[in-house]
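S.K.: Contents of protein.cif (mmCIF, C-alpha atoms):
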```cif
data_final
#
loop_
_atom_site.label_atom_id
_atom_site.label_comp_id
_atom_site.auth_asym_id
_atom_site.auth_seq_id
_atom_site.Cartn_x
_atom_site.Cartn_y
_atom_site.Cartn_z
CA MET U 476 62.89 -83.57 -22.04
CA ILE U 477 64.73 -82.21 -19.07
CA THR U 478 68.10 -83.75 -20.07
CA GLU U 479 69.62 -85.11 -23.26
CA ASP U 480 71.81 -88.04 -22.14
CA PHE U 481 68.83 -90.26 -21.48
CA ALA U 482 68.24 -93.78 -22.76
CA ALA U 483 65.30 -96.12 -22.37
CA TYR U 484 64.79 -99.79 -23.09
CA ALA U 485 61.55 -101.70 -22.66
CA ALA U 486 61.50 -105.46 -23.06
CA ARG U 487 59.38 -108.49 -22.34
CA LEU U 488 61.16 -111.50 -20.84
CA ARG U 489 59.46 -114.86 -21.16
CA ILE U 490 60.98 -117.35 -18.75
CA THR U 491 59.96 -120.99 -18.72
CA PHE U 492 61.23 -123.36 -16.05
CA PRO U 493 61.39 -127.16 -16.43
CA SER U 494 58.99 -127.44 -13.50
CA ALA U 495 57.06 -125.09 -11.25
CA LEU U 496 59.22 -123.09 -8.86
CA PRO U 497 58.07 -122.08 -5.38
CA ALA U 498 56.89 -118.50 -4.91
CA ASP U 499 59.78 -117.57 -2.60
CA GLU U 500 62.33 -118.75 -5.13
CA LEU U 501 60.64 -116.82 -7.94
CA GLN U 502 60.54 -113.68 -5.82
CA GLY U 503 64.23 -114.05 -4.98
CA MET U 504 65.13 -114.48 -8.65
CA LEU U 505 63.08 -111.46 -9.68
CA GLU U 506 64.65 -109.22 -7.03
CA SER U 507 68.12 -110.54 -7.84
CA PHE U 508 67.53 -109.76 -11.53
CA MET U 509 66.36 -106.21 -10.82
CA SER U 510 69.21 -105.50 -8.45
CA GLY U 511 71.65 -107.04 -10.92
CA LEU U 512 70.43 -104.71 -13.67
CA ALA U 513 71.11 -101.70 -11.48
CA MET U 514 74.58 -102.86 -10.48
CA ASP U 515 75.47 -103.73 -14.08
CA CYS U 516 74.35 -100.28 -15.23
CA LEU U 517 76.55 -98.69 -12.59
CA GLU U 518 79.47 -100.86 -13.61
CA ALA U 519 78.92 -99.80 -17.23
CA GLY U 520 79.28 -96.18 -16.14
CA THR U 521 75.76 -94.84 -15.79
CA ARG U 522 75.60 -91.26 -14.52
CA LEU U 523 72.35 -91.83 -12.71
CA ILE U 524 69.98 -94.75 -12.47
CA GLY U 525 66.75 -93.09 -13.47
CA HIS U 526 64.28 -95.86 -12.83
CA ILE U 527 64.30 -99.58 -13.49
CA LYS U 528 60.75 -100.91 -13.35
CA SER U 529 59.24 -104.32 -13.83
CA LEU U 530 55.80 -105.82 -13.91
CA VAL U 531 54.92 -109.50 -13.86
CA GLU U 532 51.94 -110.14 -16.09
CA GLY U 533 49.40 -112.90 -15.83
CA GLY U 534 48.10 -114.56 -12.70
CA GLU U 535 46.23 -112.90 -9.87
CA GLU U 536 49.20 -111.34 -8.15
CA ILE U 537 50.36 -107.77 -8.67
CA ILE U 538 54.14 -107.81 -8.70
CA ALA U 539 55.61 -104.46 -9.63
CA CYS U 540 59.23 -103.92 -8.68
CA SER U 541 61.46 -100.92 -8.99
CA VAL U 542 65.05 -99.85 -8.41
CA THR U 543 66.19 -96.26 -8.19
CA ASP U 544 69.00 -96.32 -5.64
CA HIS U 545 72.65 -96.86 -6.44
CA ASP U 546 72.88 -99.61 -3.82
CA GLY U 547 70.58 -101.71 -6.02
CA ARG U 548 67.84 -101.92 -3.43
CA VAL U 549 64.67 -103.38 -4.90
CA ARG U 550 61.23 -102.19 -3.80
CA CYS U 551 58.33 -104.43 -4.73
CA ARG U 552 54.61 -103.87 -4.60
CA GLY U 553 53.12 -107.34 -4.20
CA LYS U 554 54.90 -110.67 -4.43
CA PHE U 555 54.52 -114.15 -5.85
CA ILE U 556 52.05 -116.15 -3.80
CA SER U 557 51.92 -119.35 -5.80
CA SER U 558 54.40 -121.54 -7.63
CA ARG U 559 54.80 -121.07 -11.39
CA SER U 560 56.54 -122.80 -14.23
CA ASP U 561 56.67 -119.68 -16.39
CA VAL U 562 56.93 -115.95 -15.88
CA ASP U 563 56.11 -113.12 -18.28
CA LEU U 564 58.06 -110.09 -17.17
CA ILE U 565 57.96 -106.59 -18.62
CA ILE U 566 60.84 -104.31 -17.77
CA ASN U 567 61.53 -100.68 -18.45
CA VAL U 568 65.11 -99.49 -17.93
CA LEU U 569 65.50 -95.71 -17.84
CA GLN U 570 69.03 -94.39 -17.43
CA TYR U 571 71.14 -91.28 -17.72
CA GLY U 572 74.55 -91.64 -19.30
CA LEU U 573 74.33 -94.99 -21.12
CA MET U 574 73.14 -95.76 -24.64
CA LYS U 575 70.26 -98.05 -25.54
CA LYS U 576 72.62 -100.68 -26.94
CA ASP U 577 74.29 -100.83 -23.50
CA LEU U 578 70.91 -101.42 -21.88
CA VAL U 579 70.04 -104.18 -24.36
CA ARG U 580 73.34 -105.91 -23.61
CA ILE U 581 72.94 -105.51 -19.84
CA VAL U 582 69.39 -106.90 -19.79
CA ALA U 583 70.41 -109.90 -21.90
CA ALA U 584 73.49 -110.65 -19.77
CA CYS U 585 71.70 -110.19 -16.47
CA GLY U 586 68.70 -112.21 -17.65
CA LYS U 587 70.93 -115.05 -18.75
CA ARG U 588 72.88 -114.96 -15.50
CA THR U 589 69.74 -114.92 -13.35
CA PHE U 590 67.32 -117.17 -15.22
CA ALA U 591 68.86 -119.08 -18.07
CA GLY U 592 70.86 -121.58 -16.05
CA HIS U 593 67.82 -123.73 -15.56
CA SER U 594 65.20 -122.28 -17.85
CA SER U 595 64.28 -121.13 -21.32
CA LEU U 596 64.51 -117.37 -21.70
CA SER U 597 63.48 -115.13 -24.57
CA ILE U 598 63.70 -111.35 -24.67
CA GLU U 599 61.49 -109.21 -26.89
CA ASP U 600 62.41 -105.59 -27.51
CA LEU U 601 59.22 -103.59 -27.05
CA GLU U 602 60.66 -100.35 -28.37
CA ILE U 603 60.93 -101.43 -31.99
CA GLU U 604 58.27 -102.26 -34.54
CA GLN U 605 60.12 -105.14 -36.20
CA LYS U 606 60.72 -107.67 -33.50
CA ASP U 607 63.93 -109.60 -33.05
CA LEU U 608 63.58 -112.27 -30.46
CA ILE U 609 66.71 -113.02 -28.49
CA GLN U 610 66.57 -116.65 -27.39
CA LEU U 611 68.82 -117.49 -24.47
CA GLY U 612 68.88 -121.01 -23.18
CA MET D 221 37.87 -79.01 -14.53
CA ASP D 222 41.01 -78.27 -12.53
CA MET D 223 44.31 -79.92 -13.38
CA ILE D 224 47.11 -81.10 -11.11
CA ILE D 225 50.44 -82.03 -12.68
CA ILE D 226 52.39 -84.46 -10.50
CA ALA D 227 55.93 -84.18 -11.85
CA GLY D 228 59.39 -85.09 -10.65
CA PHE D 229 62.42 -87.08 -11.63
CA LEU D 230 62.35 -90.73 -12.50
CA GLY D 231 61.88 -92.72 -9.32
CA SER D 232 60.75 -89.79 -7.20
CA GLY D 233 57.58 -91.63 -6.16
CA LYS D 234 54.94 -90.10 -8.43
CA THR D 235 53.00 -93.29 -9.12
CA THR D 236 53.03 -94.43 -5.50
CA LEU D 237 51.89 -91.02 -4.32
CA ILE D 238 48.99 -91.01 -6.76
CA ILE D 239 47.93 -94.55 -5.84
CA ASN D 240 47.99 -93.66 -2.15
CA SER D 241 46.30 -90.27 -2.34
CA ILE D 242 43.78 -90.31 -5.17
CA GLY D 243 41.29 -92.40 -3.19
CA GLN D 244 41.49 -89.91 -0.34
CA ILE D 245 40.74 -87.05 -2.73
CA SER D 246 37.63 -88.77 -4.03
CA GLU D 247 36.44 -89.89 -0.59
CA ARG D 248 36.97 -86.60 1.20
CA THR D 249 35.75 -84.23 -1.49
CA GLY D 250 33.40 -86.31 -3.62
CA LYS D 251 35.26 -84.98 -6.65
CA LYS D 252 35.28 -87.00 -9.83
CA VAL D 253 38.94 -87.51 -10.68
CA ALA D 254 40.44 -88.53 -14.02
CA LEU D 255 44.01 -89.68 -14.42
CA ILE D 256 46.41 -89.31 -17.35
CA VAL D 257 49.68 -91.22 -17.09
CA ASN D 258 52.59 -90.68 -19.44
CA ASP D 259 55.33 -93.31 -19.50
CA PHE D 260 58.38 -92.92 -21.71
CA GLY D 261 58.53 -96.61 -22.53
CA SER D 262 56.34 -98.28 -25.10
CA ILE D 263 54.65 -100.26 -22.36
CA GLY D 264 53.16 -98.04 -19.68
CA ILE D 265 54.11 -99.92 -16.55
CA ASP D 266 52.89 -97.15 -14.24
CA GLY D 267 49.47 -97.15 -15.85
CA LYS D 268 49.22 -100.92 -15.63
CA VAL D 269 50.10 -100.85 -11.94
CA MET D 270 47.52 -98.14 -11.26
CA GLU D 271 44.85 -100.10 -13.12
CA LYS D 272 45.65 -103.15 -11.04
CA TYR D 273 44.92 -100.96 -8.00
CA GLY D 274 41.50 -100.13 -9.38
CA LEU D 275 42.19 -96.72 -10.91
CA LYS D 276 40.85 -95.83 -14.34
CA VAL D 277 43.79 -94.57 -16.30
CA GLN D 278 44.29 -92.99 -19.69
CA GLU D 279 47.81 -93.92 -20.73
CA LEU D 280 50.09 -92.00 -23.06
CA PRO D 281 53.10 -94.24 -23.60
CA ARG D 282 56.00 -94.03 -26.10
CA GLY D 283 57.29 -90.56 -25.49
CA CYS D 284 57.04 -87.47 -23.36
CA ILE D 285 54.03 -85.15 -23.15
CA CYS D 286 56.35 -82.19 -22.76
CA CYS D 287 57.56 -82.62 -26.36
CA THR D 288 56.75 -85.43 -28.82
CA LEU D 289 53.41 -86.37 -27.26
CA GLY D 290 52.25 -82.80 -26.66
CA PRO D 291 49.45 -82.90 -29.29
CA ASN D 292 48.28 -86.34 -28.09
CA PHE D 293 48.16 -85.00 -24.57
CA LEU D 294 45.97 -82.06 -25.58
CA ASP D 295 43.62 -84.36 -27.53
CA THR D 296 43.38 -86.77 -24.60
CA LEU D 297 42.65 -83.94 -22.20
CA ARG D 298 39.91 -82.54 -24.43
CA VAL D 299 38.25 -85.96 -24.84
CA ILE D 300 38.34 -86.58 -21.09
CA HIS D 301 36.98 -83.11 -20.42
CA ASP D 302 34.08 -83.49 -22.89
CA LYS D 303 33.24 -87.14 -22.37
CA PHE D 304 33.71 -87.70 -18.64
CA GLU D 305 33.45 -84.15 -17.27
CA PRO D 306 35.61 -84.77 -14.21
CA ASP D 307 36.07 -82.12 -11.53
CA LEU D 308 39.77 -82.76 -11.54
CA VAL D 309 42.31 -84.32 -13.86
CA MET D 310 45.60 -85.52 -12.43
CA VAL D 311 48.48 -85.78 -14.87
CA GLU D 312 51.57 -87.87 -14.21
CA PRO D 313 54.17 -86.95 -16.82
CA SER D 314 57.17 -89.17 -17.41
CA GLY D 315 60.11 -88.56 -15.11
CA ILE D 316 62.07 -86.91 -17.88
CA ALA D 317 59.41 -84.28 -18.57
CA ASP D 318 60.03 -80.58 -18.31
CA PRO D 319 56.95 -79.22 -16.48
CA ASP D 320 57.45 -75.75 -17.99
CA SER D 321 57.09 -77.28 -21.45
CA ILE D 322 53.86 -78.99 -20.39
CA LEU D 323 52.51 -75.65 -19.22
CA ALA D 324 53.62 -74.12 -22.53
CA THR D 325 51.82 -76.94 -24.37
CA MET D 326 48.67 -76.13 -22.39
CA GLU D 327 48.61 -72.69 -24.01
CA HIS D 328 47.58 -74.50 -27.22
CA TYR D 329 44.63 -76.27 -25.56
CA LYS D 330 41.55 -75.78 -27.70
CA GLY D 331 38.96 -77.40 -25.45
CA ARG D 332 36.59 -75.77 -23.04
CA PRO D 333 38.39 -73.50 -20.57
CA LEU D 334 40.09 -75.25 -17.68
CA GLY D 335 40.04 -74.16 -14.06
CA LYS D 336 43.15 -73.92 -11.93
CA ILE D 337 46.36 -75.68 -13.01
CA THR D 338 48.64 -76.69 -10.13
CA THR D 339 52.13 -78.06 -10.62
CA VAL D 340 53.49 -80.32 -7.89
CA ILE D 341 57.13 -81.31 -8.05
CA LEU D 342 58.35 -84.39 -6.16
CA LEU D 343 61.91 -84.56 -4.91
CA ASP D 344 63.33 -87.89 -3.75
CA ALA D 345 64.77 -87.45 -0.25
CA VAL D 346 66.72 -90.71 -0.39
CA ARG D 347 68.59 -89.80 -3.59
CA PHE D 348 68.80 -86.06 -2.97
CA PRO D 349 72.63 -85.89 -2.62
CA LEU D 350 73.04 -87.96 -5.77
CA LEU D 351 70.56 -85.82 -7.68
CA VAL D 352 72.28 -82.61 -6.61
CA GLN D 353 75.58 -84.07 -7.81
CA ALA D 354 74.34 -85.45 -11.13
CA MET D 355 71.28 -83.37 -12.02
CA LYS D 356 71.47 -80.04 -10.22
CA ILE D 357 70.56 -77.81 -13.15
CA PRO D 358 67.68 -79.96 -14.50
CA MET D 359 66.43 -80.36 -10.94
CA GLU D 360 66.40 -76.60 -10.40
CA LYS D 361 64.64 -76.19 -13.74
CA GLN D 362 61.89 -78.57 -12.63
CA LEU D 363 61.55 -76.82 -9.28
CA HIS D 364 61.12 -73.42 -10.92
CA SER D 365 57.73 -74.45 -12.25
CA ALA D 366 56.43 -75.72 -8.90
CA ASP D 367 53.43 -74.40 -7.03
CA LEU D 368 54.14 -76.97 -4.33
CA VAL D 369 57.21 -79.15 -3.70
CA LEU D 370 56.96 -82.52 -1.99
CA LEU D 371 60.00 -84.10 -0.32
CA THR D 372 59.13 -87.76 -0.83
CA LYS D 373 60.23 -90.90 1.06
CA MET D 374 60.63 -88.82 4.23
CA ASP D 375 60.32 -91.98 6.33
CA GLU D 376 63.66 -93.18 4.97
CA VAL D 377 65.80 -90.15 5.85
CA ASP D 378 66.64 -88.18 8.97
CA ALA D 379 65.52 -84.68 9.89
CA SER D 380 68.79 -83.05 8.84
CA ARG D 381 68.37 -84.35 5.26
CA LEU D 382 64.90 -82.81 5.10
CA LYS D 383 66.26 -79.53 6.47
CA ASP D 384 69.03 -79.47 3.83
CA MET D 385 66.52 -80.22 1.11
CA GLU D 386 64.15 -77.52 2.23
CA ALA D 387 66.98 -74.96 2.26
CA PHE D 388 67.97 -76.01 -1.28
CA VAL D 389 64.42 -75.86 -2.54
CA LYS D 390 63.63 -72.52 -0.91
CA LYS D 391 66.60 -70.96 -2.69
CA VAL D 392 64.97 -71.91 -5.97
CA ILE D 393 61.27 -71.40 -5.31
CA GLY D 394 61.22 -68.77 -2.59
CA ASP D 395 58.12 -68.76 -0.42
CA LYS D 396 56.15 -71.44 -2.22
CA PRO D 397 55.19 -74.32 0.06
CA VAL D 398 57.41 -77.35 0.70
CA LEU D 399 55.94 -80.45 2.31
CA PRO D 400 57.72 -83.65 3.38
CA VAL D 401 55.56 -86.70 2.72
CA SER D 402 55.69 -90.47 2.90
CA SER D 403 53.50 -92.60 0.70
CA THR D 404 54.68 -95.64 2.66
CA ASN D 405 53.37 -94.61 6.09
CA GLY D 406 50.95 -91.97 4.85
CA HIS D 407 52.62 -89.11 6.71
CA ASN D 408 51.29 -85.73 5.54
CA LEU D 409 49.17 -87.20 2.75
CA ASP D 410 46.08 -85.69 4.42
CA VAL D 411 47.83 -82.30 4.49
CA LEU D 412 48.70 -82.74 0.82
CA VAL D 413 45.08 -83.51 -0.09
CA ASP D 414 43.94 -80.43 1.85
CA ARG D 415 46.38 -78.25 -0.05
CA LEU D 416 45.56 -79.71 -3.44
CA VAL D 417 41.79 -79.75 -3.29
CA GLY D 418 40.90 -77.82 -0.18
CA ALA D 419 39.20 -80.76 1.49
#
```
Once you've parsed the file, please lay out its structure as structure tokens.
M.R.:
Amino acid sequence: MITEDFAAYAARLRITFPSALPADELQGMLESFMSGLAMDCLEAGTRLIGHIKSLVEGGEEIIACSVTDHDGRVRCRGKFISSRSDVDLIINVLQYGLMKKDLVRIVAACGKRTFAGHSSLSIEDLEIEQKDLIQLG
Amino acid sequence: MDMIIIAGFLGSGKTTLIINSIGQISERTGKKVALIVNDFGSIGIDGKVMEKYGLKVQELPRGCICCTLGPNFLDTLRVIHDKFEPDLVMVEPSGIADPDSILATMEHYKGRPLGKITTVILLDAVRFPLLVQAMKIPMEKQLHSADLVLLTKMDEVDASRLKDMEAFVKKVIGDKPVLPVSSTNGHNLDVLVDRLVGA
């Protein structure tokens, strides 16, 4: 590894809405979540946002989003084209200067803030063998 | 089989560059290209994205091929070499990889002899000031191993930024080539392909 103060957290977020949401709304939520992760990492004192990546699984669309800049700008390859009542989202948060436990806390808080107000949200840690499911909302 | 290592910091644009240039390599040269992608996370997002764009990818997730996954990398390379016999293998290490360590790992390769190994280092033009501030020494370490340096996302910065970057890079790598590129608008990708595979 090129540096030592590096932390990574990979998780799968399963979000279920009470009814199907329009594609534009889903896209807005996804980008807001990704940007929120970056800003929360900065607020927590990250030295450098390495790369925050996400991939929406399932469906025909390719939706891969990424944040690297400290202004939280989200770049997406593809977008939602149809309404959905659930979203399966894989994220990978790669940071310099924070610890993994900080990343776990940030993802849970940002996920809850973005999605859980009107949905069911569970977060699965993909880095560990024995799974603990965090159920939010 | 030649090998091209596409390295660079997290978020420097490695995956996007490969997606946007690998087709051109195959089309213009007829070369059979294999792709090895190493993601630090347990789920290889980069590999999944590439597969969704129609590329055949061998993923090496859960670690870094410059250290913990070194033996897996060598095994994967040997299998690809023997089974698929590509003309070229492109390797995308994780953004935390030390390219010098990958080259050191290659000294333990037990497969059939490889052709030329080229190391390309990507440097993010948008985040360059931030990287110099936070990661100057690791960045210089990465650059030292470069045969070619790409200044990525050139469409998002002005000419003076590129000039500053080139001056910084030249201090580290001397006369080795430096090329600004944009995967978004395709600027200089044809030049890159020419330099990499002599199309």
S.K.: Take the PyMOL selection byres ((chain D) within 9 of (chain U)), run it mentally on this structure, and tell me the resulting residues as a PyMOL selection string.
M.R.: chain D and resi 229-232+260-266+268-269+272-273+282+284+286-287+315-319+321+346-347+350-351+354-355+358-359+361-362
S.K.: Write the residues you've just listed into a file as a CSV table (one decimal), in the frame of the given file, and include C-alpha atoms for each of them.
M.R.:
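Contents of selection11.csv, as written:
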```csv
chain,number,residue,atom,x,y,z
D,229,PHE,CA,62.4,-87.1,-11.6
D,230,LEU,CA,62.4,-90.7,-12.5
D,231,GLY,CA,61.9,-92.7,-9.3
D,232,SER,CA,60.8,-89.8,-7.2
D,260,PHE,CA,58.4,-92.9,-21.7
D,261,GLY,CA,58.5,-96.6,-22.5
D,262,SER,CA,56.3,-98.3,-25.1
D,263,ILE,CA,54.6,-100.3,-22.4
D,264,GLY,CA,53.2,-98.0,-19.7
D,265,ILE,CA,54.1,-99.9,-16.6
D,266,ASP,CA,52.9,-97.2,-14.2
D,268,LYS,CA,49.2,-100.9,-15.6
D,269,VAL,CA,50.1,-100.8,-11.9
D,272,LYS,CA,45.6,-103.2,-11.0
D,273,TYR,CA,44.9,-101.0,-8.0
D,282,ARG,CA,56.0,-94.0,-26.1
D,284,CYS,CA,57.0,-87.5,-23.4
D,286,CYS,CA,56.4,-82.2,-22.8
D,287,CYS,CA,57.6,-82.6,-26.4
D,315,GLY,CA,60.1,-88.6,-15.1
D,316,ILE,CA,62.1,-86.9,-17.9
D,317,ALA,CA,59.4,-84.3,-18.6
D,318,ASP,CA,60.0,-80.6,-18.3
D,319,PRO,CA,57.0,-79.2,-16.5
D,321,SER,CA,57.1,-77.3,-21.4
D,346,VAL,CA,66.7,-90.7,-0.4
D,347,ARG,CA,68.6,-89.8,-3.6
D,350,LEU,CA,73.0,-88.0,-5.8
D,351,LEU,CA,70.6,-85.8,-7.7
D,354,ALA,CA,74.3,-85.4,-11.1
D,355,MET,CA,71.3,-83.4,-12.0
D,358,PRO,CA,67.7,-80.0,-14.5
D,359,MET,CA,66.4,-80.4,-10.9
D,361,LYS,CA,64.6,-76.2,-13.7
D,362,GLN,CA,61.9,-78.6,-12.6
```
S.K.: Provide the CA of Ile341 in chain D to CA of Arg550 in chain U distance in Å, to one decimal place.
M.R.: 21.7 Å
S.K.: Identify, on the basis of all atoms listed in the file, every residue whose closest approach to range 385-391 of chain D does not exceed 9 Å; exclude the query and any residue fewer than 5 positions from it along the same chain; express the result as a VMD selection string.
M.R.: chain D and resid 343 345 348 360 363 369 371 380 396 to 400
S.K.: Around (53.5, -115.8, -4.6), as given in the file, which residues come within 8 Å? Count all atoms listed in the file and list them as a PyMOL selection string.
M.R.: chain U and resi 497-499+501-502+536+554-558
S.K.: Applying the PyMOL selection byres ((chain D and resi 277) around 9) to the file I just gave you, which residues come out? Please list them as a short mmCIF file (atom, residue, chain, number, x, y, z; two decimals) with C-alpha atoms, keeping the file's coordinate frame.
M.R.:
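Once written, out.cif looks like this:
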```cif
data_model
loop_
_atom_site.label_atom_id
_atom_site.label_comp_id
_atom_site.auth_asym_id
_atom_site.auth_seq_id
_atom_site.Cartn_x
_atom_site.Cartn_y
_atom_site.Cartn_z
CA ALA D 254 40.44 -88.53 -14.02
CA LEU D 255 44.01 -89.68 -14.42
CA ILE D 256 46.41 -89.31 -17.35
CA VAL D 257 49.68 -91.22 -17.09
CA GLY D 267 49.47 -97.15 -15.85
CA LYS D 268 49.22 -100.92 -15.63
CA MET D 270 47.52 -98.14 -11.26
CA GLU D 271 44.85 -100.10 -13.12
CA LEU D 275 42.19 -96.72 -10.91
CA LYS D 276 40.85 -95.83 -14.34
CA GLN D 278 44.29 -92.99 -19.69
CA GLU D 279 47.81 -93.92 -20.73
#
```
S.K.: For each of U:Ala591, U:Val562, U:Ala513, U:Cys540, take the minimum atom-to-atom distance to Leu488 in chain U, counting all atoms listed in the file, then give the residue where this is smallest.
M.R.: U:Val562
S.K.: By how many Å are CA of Val392 in chain D and CA of Ala227 in chain D apart?
M.R.: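 Interatomic distance here is 16.3 Å.
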S.K.: Taking into account all atoms listed in the file, which residue in the set U:Gly547, U:Gly592, U:Gly553, U:Gly533 is nearest to Ser510 in chain U?
M.R.: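 Closest candidate: U:Gly547.
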S.K.: May I have the protein, DNA and RNA residues with an atom at most 9 Å from (51.7, -84.1, -25.1), counting all atoms listed in the file in the file's coordinates, returned as a list in words?
M.R.: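 These residues have at least one counted atom within 9 Å: Asn258, Leu280, Gly283, Cys284, Ile285, Cys286, Cys287, Thr288, Leu289, Gly290, Pro291, Asn292, Phe293, Leu294, Asp295, Thr296, Ile322, Thr325 and Met326 of chain D.
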S.K.: In Å, how far is it from CA of Val411 in chain D to CA of Glu247 in chain D?
M.R.: 14.6 Å
S.K.: I need the residue set behind the PyMOL selection byres ((chain D and resi 241-246) around 9) for this file; please write it as JSON, numbers by chain.
M.R.: {"D": [236, 237, 238, 239, 240, 247, 248, 249, 250, 251, 252, 253, 275, 310, 403, 406, 409, 410, 412, 413, 414, 416, 417, 419]}
S.K.: Find the spatial neighbours of Arg489 in chain U, counting only C-alpha atoms, within a cut-off of 7 Å - ignore same-chain residues fewer than 5 positions away - and output them as a list in words.
M.R.: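 Listed by chain and then number, they are Val562, Asp563, Leu564, Leu596, Ser597 and Ile598 of chain U.
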S.K.: From the set D:Leu342, D:Met374, D:Ile300, D:Ala379, which residue has the shortest atom-to-atom contact distance to Glu312 in chain D, counting all atoms listed in the file?
M.R.: D:Leu342
S.K.: Please return range 584-597 of chain U, rebuilt to N, CA and C atoms, as a short mmCIF file (atom, residue, chain, number, x, y, z; two decimals), keeping the file's coordinate frame.
M.R.:
```
data_model
loop_
_atom_site.label_atom_id
_atom_site.label_comp_id
_atom_site.auth_asym_id
_atom_site.auth_seq_id
_atom_site.Cartn_x
_atom_site.Cartn_y
_atom_site.Cartn_z
N ALA U 584 72.47 -109.98 -20.61
CA ALA U 584 73.49 -110.65 -19.77
C ALA U 584 72.93 -110.96 -18.38
N CYS U 585 72.23 -110.00 -17.82
CA CYS U 585 71.70 -110.19 -16.47
C CYS U 585 70.58 -111.23 -16.47
N GLY U 586 69.76 -111.21 -17.54
CA GLY U 586 68.70 -112.21 -17.65
C GLY U 586 69.27 -113.60 -17.75
N LYS U 587 70.31 -113.73 -18.57
CA LYS U 587 70.93 -115.05 -18.75
C LYS U 587 71.54 -115.53 -17.43
N ARG U 588 72.23 -114.61 -16.76
CA ARG U 588 72.88 -114.96 -15.50
C ARG U 588 71.84 -115.37 -14.44
N THR U 589 70.72 -114.68 -14.41
CA THR U 589 69.74 -114.92 -13.35
C THR U 589 68.83 -116.11 -13.66
N PHE U 590 68.38 -116.21 -14.92
CA PHE U 590 67.32 -117.17 -15.22
C PHE U 590 67.75 -118.35 -16.08
N ALA U 591 68.70 -118.11 -16.99
CA ALA U 591 68.86 -119.08 -18.07
C ALA U 591 69.59 -120.36 -17.68
N GLY U 592 70.15 -120.38 -16.47
CA GLY U 592 70.86 -121.58 -16.05
C GLY U 592 69.97 -122.80 -16.04
N HIS U 593 68.72 -122.59 -15.66
CA HIS U 593 67.82 -123.73 -15.56
C HIS U 593 66.46 -123.40 -16.17
N SER U 594 66.49 -122.64 -17.25
CA SER U 594 65.20 -122.28 -17.85
C SER U 594 65.39 -121.91 -19.31
N SER U 595 64.25 -121.69 -19.97
CA SER U 595 64.28 -121.13 -21.32
C SER U 595 63.93 -119.65 -21.19
N LEU U 596 64.72 -118.81 -21.83
CA LEU U 596 64.51 -117.37 -21.70
C LEU U 596 64.50 -116.72 -23.07
N SER U 597 63.46 -115.94 -23.35
CA SER U 597 63.48 -115.13 -24.57
C SER U 597 63.22 -113.67 -24.19
#
```
